[in-house]
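Asker: As input, take query.pdb (PDB, C-alpha atoms):
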```pdb
ATOM      1  CA  MET A   1    -123.172 151.425  48.092  1.00  0.00           C
ATOM      2  CA  ALA A   2    -120.835 154.362  48.582  1.00  0.00           C
ATOM      3  CA  SER A   3    -121.730 157.611  46.909  1.00  0.00           C
ATOM      4  CA  SER A   4    -119.179 159.307  44.727  1.00  0.00           C
ATOM      5  CA  SER A   5    -118.791 162.077  47.315  1.00  0.00           C
ATOM      6  CA  HIS A   6    -117.066 159.563  49.609  1.00  0.00           C
ATOM      7  CA  ARG A   7    -114.592 158.323  46.973  1.00  0.00           C
ATOM      8  CA  ASP A   8    -111.388 159.732  45.657  1.00  0.00           C
ATOM      9  CA  SER A   9    -110.281 159.339  42.041  1.00  0.00           C
ATOM     10  CA  SER A  10    -108.998 155.804  42.705  1.00  0.00           C
ATOM     11  CA  GLY A  11    -112.458 154.605  43.686  1.00  0.00           C
ATOM     12  CA  VAL A  12    -111.267 153.745  47.193  1.00  0.00           C
ATOM     13  CA  ARG A  13    -113.447 155.002  50.034  1.00  0.00           C
ATOM     14  CA  THR A  14    -111.887 156.003  53.355  1.00  0.00           C
ATOM     15  CA  ALA A  15    -113.794 155.523  56.589  1.00  0.00           C
ATOM     16  CA  ALA A  16    -113.377 155.635  60.350  1.00  0.00           C
ATOM     17  CA  ARG A  17    -115.026 153.396  62.951  1.00  0.00           C
ATOM     18  CA  ALA A  18    -115.243 153.301  66.736  1.00  0.00           C
ATOM     19  CA  ILE A  19    -114.560 150.619  69.288  1.00  0.00           C
ATOM     20  CA  ILE A  20    -116.738 151.614  72.250  1.00  0.00           C
ATOM     21  CA  VAL A  21    -116.536 149.281  75.241  1.00  0.00           C
ATOM     22  CA  ARG A  22    -118.597 149.583  78.427  1.00  0.00           C
ATOM     23  CA  ASN A  23    -118.528 146.965  81.208  1.00  0.00           C
ATOM     24  CA  ASP A  24    -116.654 144.512  78.935  1.00  0.00           C
ATOM     25  CA  GLU A  25    -119.343 144.835  76.230  1.00  0.00           C
ATOM     26  CA  LEU A  26    -118.812 146.183  72.713  1.00  0.00           C
ATOM     27  CA  LEU A  27    -121.319 148.553  71.117  1.00  0.00           C
ATOM     28  CA  VAL A  28    -122.241 147.557  67.559  1.00  0.00           C
ATOM     29  CA  VAL A  29    -124.730 148.751  64.950  1.00  0.00           C
ATOM     30  CA  ARG A  30    -127.257 146.278  63.501  1.00  0.00           C
ATOM     31  CA  ILE A  31    -127.541 146.363  59.702  1.00  0.00           C
ATOM     32  CA  LYS A  32    -130.152 144.572  57.613  1.00  0.00           C
ATOM     33  CA  SER A  33    -129.572 143.972  53.910  1.00  0.00           C
ATOM     34  CA  GLU A  34    -130.742 141.564  51.247  1.00  0.00           C
ATOM     35  CA  GLU A  35    -127.920 139.304  52.461  1.00  0.00           C
ATOM     36  CA  GLY A  36    -129.416 139.174  55.992  1.00  0.00           C
ATOM     37  CA  GLU A  37    -128.612 140.929  59.249  1.00  0.00           C
ATOM     38  CA  PHE A  38    -125.064 141.623  60.329  1.00  0.00           C
ATOM     39  CA  LEU A  39    -123.199 143.812  62.795  1.00  0.00           C
ATOM     40  CA  VAL A  40    -120.688 146.612  62.244  1.00  0.00           C
ATOM     41  CA  LEU A  41    -118.726 148.959  64.416  1.00  0.00           C
ATOM     42  CA  PRO A  42    -120.257 152.442  64.477  1.00  0.00           C
ATOM     43  CA  GLY A  43    -118.731 154.752  61.906  1.00  0.00           C
ATOM     44  CA  GLY A  44    -118.630 155.413  58.215  1.00  0.00           C
ATOM     45  CA  GLY A  45    -117.286 157.339  55.263  1.00  0.00           C
ATOM     46  CA  GLN A  46    -114.920 160.253  55.541  1.00  0.00           C
ATOM     47  CA  ASN A  47    -116.024 163.566  54.035  1.00  0.00           C
ATOM     48  CA  HIS A  48    -113.635 165.773  52.071  1.00  0.00           C
ATOM     49  CA  GLY A  49    -111.775 168.092  54.471  1.00  0.00           C
ATOM     50  CA  GLU A  50    -112.418 165.926  57.549  1.00  0.00           C
ATOM     51  CA  THR A  51    -109.721 164.204  59.557  1.00  0.00           C
ATOM     52  CA  LEU A  52    -110.336 160.580  60.495  1.00  0.00           C
ATOM     53  CA  HIS A  53    -110.900 161.680  64.108  1.00  0.00           C
ATOM     54  CA  GLN A  54    -113.579 164.140  62.976  1.00  0.00           C
ATOM     55  CA  THR A  55    -115.166 161.440  60.820  1.00  0.00           C
ATOM     56  CA  VAL A  56    -115.579 158.944  63.650  1.00  0.00           C
ATOM     57  CA  VAL A  57    -116.996 161.607  66.020  1.00  0.00           C
ATOM     58  CA  ARG A  58    -119.539 162.745  63.399  1.00  0.00           C
ATOM     59  CA  GLU A  59    -120.523 159.244  62.306  1.00  0.00           C
ATOM     60  CA  VAL A  60    -121.064 157.921  65.859  1.00  0.00           C
ATOM     61  CA  ASN A  61    -123.230 160.950  66.592  1.00  0.00           C
ATOM     62  CA  GLU A  62    -125.241 160.540  63.364  1.00  0.00           C
ATOM     63  CA  GLU A  63    -125.805 156.811  63.828  1.00  0.00           C
ATOM     64  CA  LEU A  64    -126.258 156.541  67.584  1.00  0.00           C
ATOM     65  CA  GLY A  65    -126.690 160.051  68.976  1.00  0.00           C
ATOM     66  CA  LEU A  66    -123.575 159.694  71.136  1.00  0.00           C
ATOM     67  CA  SER A  67    -120.666 162.064  71.724  1.00  0.00           C
ATOM     68  CA  VAL A  68    -117.317 160.302  71.821  1.00  0.00           C
ATOM     69  CA  VAL A  69    -113.715 161.190  72.499  1.00  0.00           C
ATOM     70  CA  VAL A  70    -111.304 159.531  70.094  1.00  0.00           C
ATOM     71  CA  GLU A  71    -108.388 157.748  71.712  1.00  0.00           C
ATOM     72  CA  GLU A  72    -105.792 155.384  70.210  1.00  0.00           C
ATOM     73  CA  LEU A  73    -105.856 153.803  66.792  1.00  0.00           C
ATOM     74  CA  ALA A  74    -106.749 150.127  67.194  1.00  0.00           C
ATOM     75  CA  TYR A  75    -106.098 149.031  63.608  1.00  0.00           C
ATOM     76  CA  VAL A  76    -106.419 149.903  59.937  1.00  0.00           C
ATOM     77  CA  ARG A  77    -108.546 147.545  57.860  1.00  0.00           C
ATOM     78  CA  GLU A  78    -108.920 147.224  54.123  1.00  0.00           C
ATOM     79  CA  TYR A  79    -112.083 145.717  52.602  1.00  0.00           C
ATOM     80  CA  VAL A  80    -112.152 144.740  48.924  1.00  0.00           C
ATOM     81  CA  GLY A  81    -115.728 143.556  48.427  1.00  0.00           C
ATOM     82  CA  LYS A  82    -115.098 141.203  45.500  1.00  0.00           C
ATOM     83  CA  ASN A  83    -112.892 139.055  47.752  1.00  0.00           C
ATOM     84  CA  HIS A  84    -115.510 138.355  50.425  1.00  0.00           C
ATOM     85  CA  SER A  85    -118.820 136.616  51.022  1.00  0.00           C
ATOM     86  CA  MET A  86    -120.957 139.657  50.136  1.00  0.00           C
ATOM     87  CA  HIS A  87    -119.276 140.010  46.722  1.00  0.00           C
ATOM     88  CA  ARG A  88    -122.666 139.919  44.981  1.00  0.00           C
ATOM     89  CA  ILE A  89    -123.604 143.338  46.383  1.00  0.00           C
ATOM     90  CA  HIS A  90    -120.103 144.664  47.242  1.00  0.00           C
ATOM     91  CA  GLY A  91    -118.287 143.555  44.084  1.00  0.00           C
ATOM     92  CA  HIS A  92    -117.080 147.067  43.195  1.00  0.00           C
ATOM     93  CA  PHE A  93    -116.672 148.339  46.764  1.00  0.00           C
ATOM     94  CA  HIS A  94    -113.196 149.042  48.174  1.00  0.00           C
ATOM     95  CA  GLN A  95    -112.787 150.721  51.558  1.00  0.00           C
ATOM     96  CA  VAL A  96    -109.902 151.483  53.885  1.00  0.00           C
ATOM     97  CA  GLU A  97    -111.000 151.900  57.521  1.00  0.00           C
ATOM     98  CA  ALA A  98    -109.158 153.386  60.459  1.00  0.00           C
ATOM     99  CA  VAL A  99    -110.645 151.952  63.654  1.00  0.00           C
ATOM    100  CA  PHE A 100    -110.177 153.900  66.881  1.00  0.00           C
ATOM    101  CA  HIS A 101    -110.830 153.189  70.524  1.00  0.00           C
ATOM    102  CA  CYS A 102    -113.352 155.795  71.656  1.00  0.00           C
ATOM    103  CA  LYS A 103    -114.627 156.833  75.052  1.00  0.00           C
ATOM    104  CA  CYS A 104    -118.188 157.883  75.770  1.00  0.00           C
ATOM    105  CA  GLU A 105    -119.113 159.397  79.132  1.00  0.00           C
ATOM    106  CA  ASP A 106    -122.897 159.549  78.665  1.00  0.00           C
ATOM    107  CA  PHE A 107    -125.006 156.847  77.003  1.00  0.00           C
ATOM    108  CA  GLY A 108    -128.314 158.566  77.868  1.00  0.00           C
ATOM    109  CA  SER A 109    -128.923 159.622  74.250  1.00  0.00           C
ATOM    110  CA  ILE A 110    -128.066 156.252  72.675  1.00  0.00           C
ATOM    111  CA  GLY A 111    -130.306 155.461  69.743  1.00  0.00           C
ATOM    112  CA  ALA A 112    -131.098 159.119  69.054  1.00  0.00           C
ATOM    113  CA  GLY A 113    -128.968 159.380  65.922  1.00  0.00           C
ATOM    114  CA  LYS A 114    -130.366 161.947  63.482  1.00  0.00           C
ATOM    115  CA  SER A 115    -128.834 160.565  60.284  1.00  0.00           C
ATOM    116  CA  GLN A 116    -128.776 156.789  60.517  1.00  0.00           C
ATOM    117  CA  ASP A 117    -127.677 154.643  57.610  1.00  0.00           C
ATOM    118  CA  ARG A 118    -130.653 153.501  55.542  1.00  0.00           C
ATOM    119  CA  ARG A 119    -130.070 149.839  56.405  1.00  0.00           C
ATOM    120  CA  GLN A 120    -129.456 150.474  60.106  1.00  0.00           C
ATOM    121  CA  VAL A 121    -132.034 148.700  62.284  1.00  0.00           C
ATOM    122  CA  GLY A 122    -130.683 149.318  65.785  1.00  0.00           C
ATOM    123  CA  TYR A 123    -127.720 148.700  68.030  1.00  0.00           C
ATOM    124  CA  LEU A 124    -126.551 145.967  70.374  1.00  0.00           C
ATOM    125  CA  TRP A 125    -124.158 145.496  73.280  1.00  0.00           C
ATOM    126  CA  ILE A 126    -122.195 142.250  72.933  1.00  0.00           C
ATOM    127  CA  PRO A 127    -120.014 140.794  75.709  1.00  0.00           C
ATOM    128  CA  LEU A 128    -116.395 140.742  74.523  1.00  0.00           C
ATOM    129  CA  SER A 129    -116.225 137.075  75.527  1.00  0.00           C
ATOM    130  CA  LYS A 130    -118.994 136.270  73.005  1.00  0.00           C
ATOM    131  CA  LEU A 131    -117.957 138.489  70.065  1.00  0.00           C
ATOM    132  CA  ASP A 132    -116.780 135.592  67.944  1.00  0.00           C
ATOM    133  CA  GLN A 133    -120.283 134.064  68.106  1.00  0.00           C
ATOM    134  CA  HIS A 134    -121.757 137.038  66.191  1.00  0.00           C
ATOM    135  CA  PRO A 135    -121.627 138.109  62.518  1.00  0.00           C
ATOM    136  CA  ILE A 136    -119.122 140.946  62.930  1.00  0.00           C
ATOM    137  CA  SER A 137    -115.917 141.637  61.089  1.00  0.00           C
ATOM    138  CA  PRO A 138    -113.031 141.394  61.100  1.00  0.00           C
ATOM    139  CA  PRO A 139    -112.797 137.835  62.392  1.00  0.00           C
ATOM    140  CA  GLY A 140    -110.953 137.728  65.694  1.00  0.00           C
ATOM    141  CA  LEU A 141    -112.100 141.219  66.697  1.00  0.00           C
ATOM    142  CA  SER A 142    -112.260 140.232  70.374  1.00  0.00           C
ATOM    143  CA  LYS A 143    -108.592 139.185  70.248  1.00  0.00           C
ATOM    144  CA  ILE A 144    -107.646 142.519  68.621  1.00  0.00           C
ATOM    145  CA  ILE A 145    -109.479 144.463  71.345  1.00  0.00           C
ATOM    146  CA  MET A 146    -107.897 142.386  74.134  1.00  0.00           C
ATOM    147  CA  GLN A 147    -104.393 142.837  72.665  1.00  0.00           C
ATOM    148  CA  ASN A 148    -104.993 146.595  72.483  1.00  0.00           C
ATOM    149  CA  LYS A 149    -106.027 146.612  76.158  1.00  0.00           C
ATOM    150  CA  LYS A 150    -102.631 145.097  76.979  1.00  0.00           C
ATOM    151  CA  GLY A 151    -100.817 147.988  75.322  1.00  0.00           C
ATOM    152  CA  GLY A 152    -100.485 146.885  71.691  1.00  0.00           C
ATOM    153  CA  MET A 153    -101.768 149.953  69.864  1.00  0.00           C
ATOM    154  CA  GLY A 154    -101.787 150.967  66.231  1.00  0.00           C
ATOM    155  CA  ARG A 155    -100.422 154.283  65.108  1.00  0.00           C
ATOM    156  CA  TYR A 156    -102.084 157.346  63.579  1.00  0.00           C
ATOM    157  CA  LEU A 157    -100.145 160.467  62.636  1.00  0.00           C
ATOM    158  CA  GLY A 158    -103.113 162.787  62.210  1.00  0.00           C
ATOM    159  CA  ASP A 159    -103.343 165.539  59.609  1.00  0.00           C
ATOM    160  CA  VAL A 160     -99.741 165.977  58.446  1.00  0.00           C
ATOM    161  CA  HIS A 161     -98.191 167.255  55.191  1.00  0.00           C
TER
END
```
Let me see the structure of the file written as structure tokens.

Answerer:
Amino acid sequence: MASSSHRDSSGVRTAARAIIVRNDELLVVRIKSEEGEFLVLPGGGQNHGETLHQTVVREVNEELGLSVVVEELAYVREYVGKNHSMHRIHGHFHQVEAVFHCKCEDFGSIGAGKSQDRRQVGYLWIPLSKLDQHPISPPGLSKIIMQNKKGGMGRYLGDVH
């Protein structure tokens, strides 16, 4: 459940996540909850005063111990918990996520995150060709990543007034 420090007055939480690909494999975080085990892209809630780029860099470092460089925006995703299969535990949860392609030069410290999510139980590399066989959202993520590789990128304006 999101803490109030990650919500604005509308009750909508903003977050940033990373698509990190190495040798045609996607890096994901393993999460275990009362609903079972599932996979998420590394990342999490935006703190007040942080840009989305800063959020994804901090979150990847906290969860996995990795330093990343943020590249293009892959997509923006909205998640309204009451509309999905985990509605029992996410019924009041509403999050808007900006998902960025990120580059990591050194994976030597992977797994050394200092502030992992409480339900985080590890990480996994999944071949892009097998993504759709795993419990990861959004559905069709492999297609989104492949389209992005061909030049179809999302757009992010950064911190503008």

Asker: Under the rule that all atoms listed in the file are counted, which of A:Ile126, A:Val121, A:Val69, A:Val28 is the nearest residue to Val57 (chain A)?

Answerer: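 Checking each of A:Ile126, A:Val121, A:Val69, A:Val28 against Val57 (chain A), counting all atoms listed in the file, the winner is A:Val69.
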
Asker: For the provided coordinates, the residues matched by the PyMOL selection byres ((chain A and resi 94) around 6) should be stated as an MDAnalysis selection string.

Answerer: chainID A and resid 12 79:80 93 95

Asker: Run the PyMOL selection byres ((chain A and resi 40) around 9) mentally over the shown coordinates, then write out the matched residues as a VMD selection string, using the chain letters and numbers from the document.

Answerer: chain A and resid 17 28 to 31 38 to 39 41 to 43 135 to 137

Asker: Work out how far CA of Gly44 (chain A) is from CA of Arg119 (chain A), in Å to one decimal.

Answerer: 12.9 Å

Asker: For CA of Leu124 (chain A) and CA of Thr14 (chain A), quote the distance in Å rounded to one decimal.

Answerer: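 Computing the Euclidean distance for CA of Leu124 (chain A) and CA of Thr14 (chain A) yields 24.6 Å.
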
Asker: Could you tell me how far CA of Ile144 (chain A) sits from CA of Glu78 (chain A), in Å to one decimal place?

Answerer: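 Distance between the two atoms: 15.3 Å.
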
Asker: Could you give me, as a list in words, the residues within 9 Å of Ala18 (chain A), counting all atoms listed in the file and dropping anything in the same chain fewer than 5 positions from it?

Answerer: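 After dropping sequence-adjacent residues, the list is Leu27, Leu41, Pro42, Gly43, Val56, Val57, Val60, Val68, Val70, Ala98, Val99, Phe100, His101 and Cys102 of chain A.
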
Asker: Keeping C-alpha atoms for every residue in the selection just given, could you write it to a file as a PDB file, in the coordinates of the input?

Answerer:
```pdb
ATOM      1  CA  LEU A  27    -121.319 148.553  71.117  1.00  0.00           C
ATOM      2  CA  LEU A  41    -118.726 148.959  64.416  1.00  0.00           C
ATOM      3  CA  PRO A  42    -120.257 152.442  64.477  1.00  0.00           C
ATOM      4  CA  GLY A  43    -118.731 154.752  61.906  1.00  0.00           C
ATOM      5  CA  VAL A  56    -115.579 158.944  63.650  1.00  0.00           C
ATOM      6  CA  VAL A  57    -116.996 161.607  66.020  1.00  0.00           C
ATOM      7  CA  VAL A  60    -121.064 157.921  65.859  1.00  0.00           C
ATOM      8  CA  VAL A  68    -117.317 160.302  71.821  1.00  0.00           C
ATOM      9  CA  VAL A  70    -111.304 159.531  70.094  1.00  0.00           C
ATOM     10  CA  ALA A  98    -109.158 153.386  60.459  1.00  0.00           C
ATOM     11  CA  VAL A  99    -110.645 151.952  63.654  1.00  0.00           C
ATOM     12  CA  PHE A 100    -110.177 153.900  66.881  1.00  0.00           C
ATOM     13  CA  HIS A 101    -110.830 153.189  70.524  1.00  0.00           C
ATOM     14  CA  CYS A 102    -113.352 155.795  71.656  1.00  0.00           C
TER      15      CYS A 102
END
```

Asker: Of the candidates A:Glu50, A:Glu71, A:Asp24, A:Glu37, which shows the shortest atom-to-atom distance to Ser129 (chain A), using only C-alpha atoms?

Answerer: A:Asp24

Asker: Considering all atoms listed in the file, can you say which of A:Arg118, A:Arg22, A:Val96, A:Ser33 comes closest to Leu52 (chain A)?

Answerer: A:Val96

Asker: Please determine, counting all atoms listed in the file, which residue among A:His53, A:Lys103, A:His48, A:Lys32 has the shortest atom-to-atom distance to Leu66 (chain A).

Answerer: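 Of A:His53, A:Lys103, A:His48, A:Lys32, the one nearest Leu66 (chain A) is A:Lys103, counting all atoms listed in the file.
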
Asker: Need the shell around Met146 (chain A): protein/DNA/RNA residues with any atom at most 12 Å away, counting only C-alpha atoms. Skip same-chain ones fewer than 6 positions apart. Format as a list in words?

Answerer: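 My reading of the contact set: Ile19, Val21, Asp24, Glu25, Leu26, Ala74, His101, Leu128, Ser129, Leu131, Gly140, Gly152 and Met153 of chain A.
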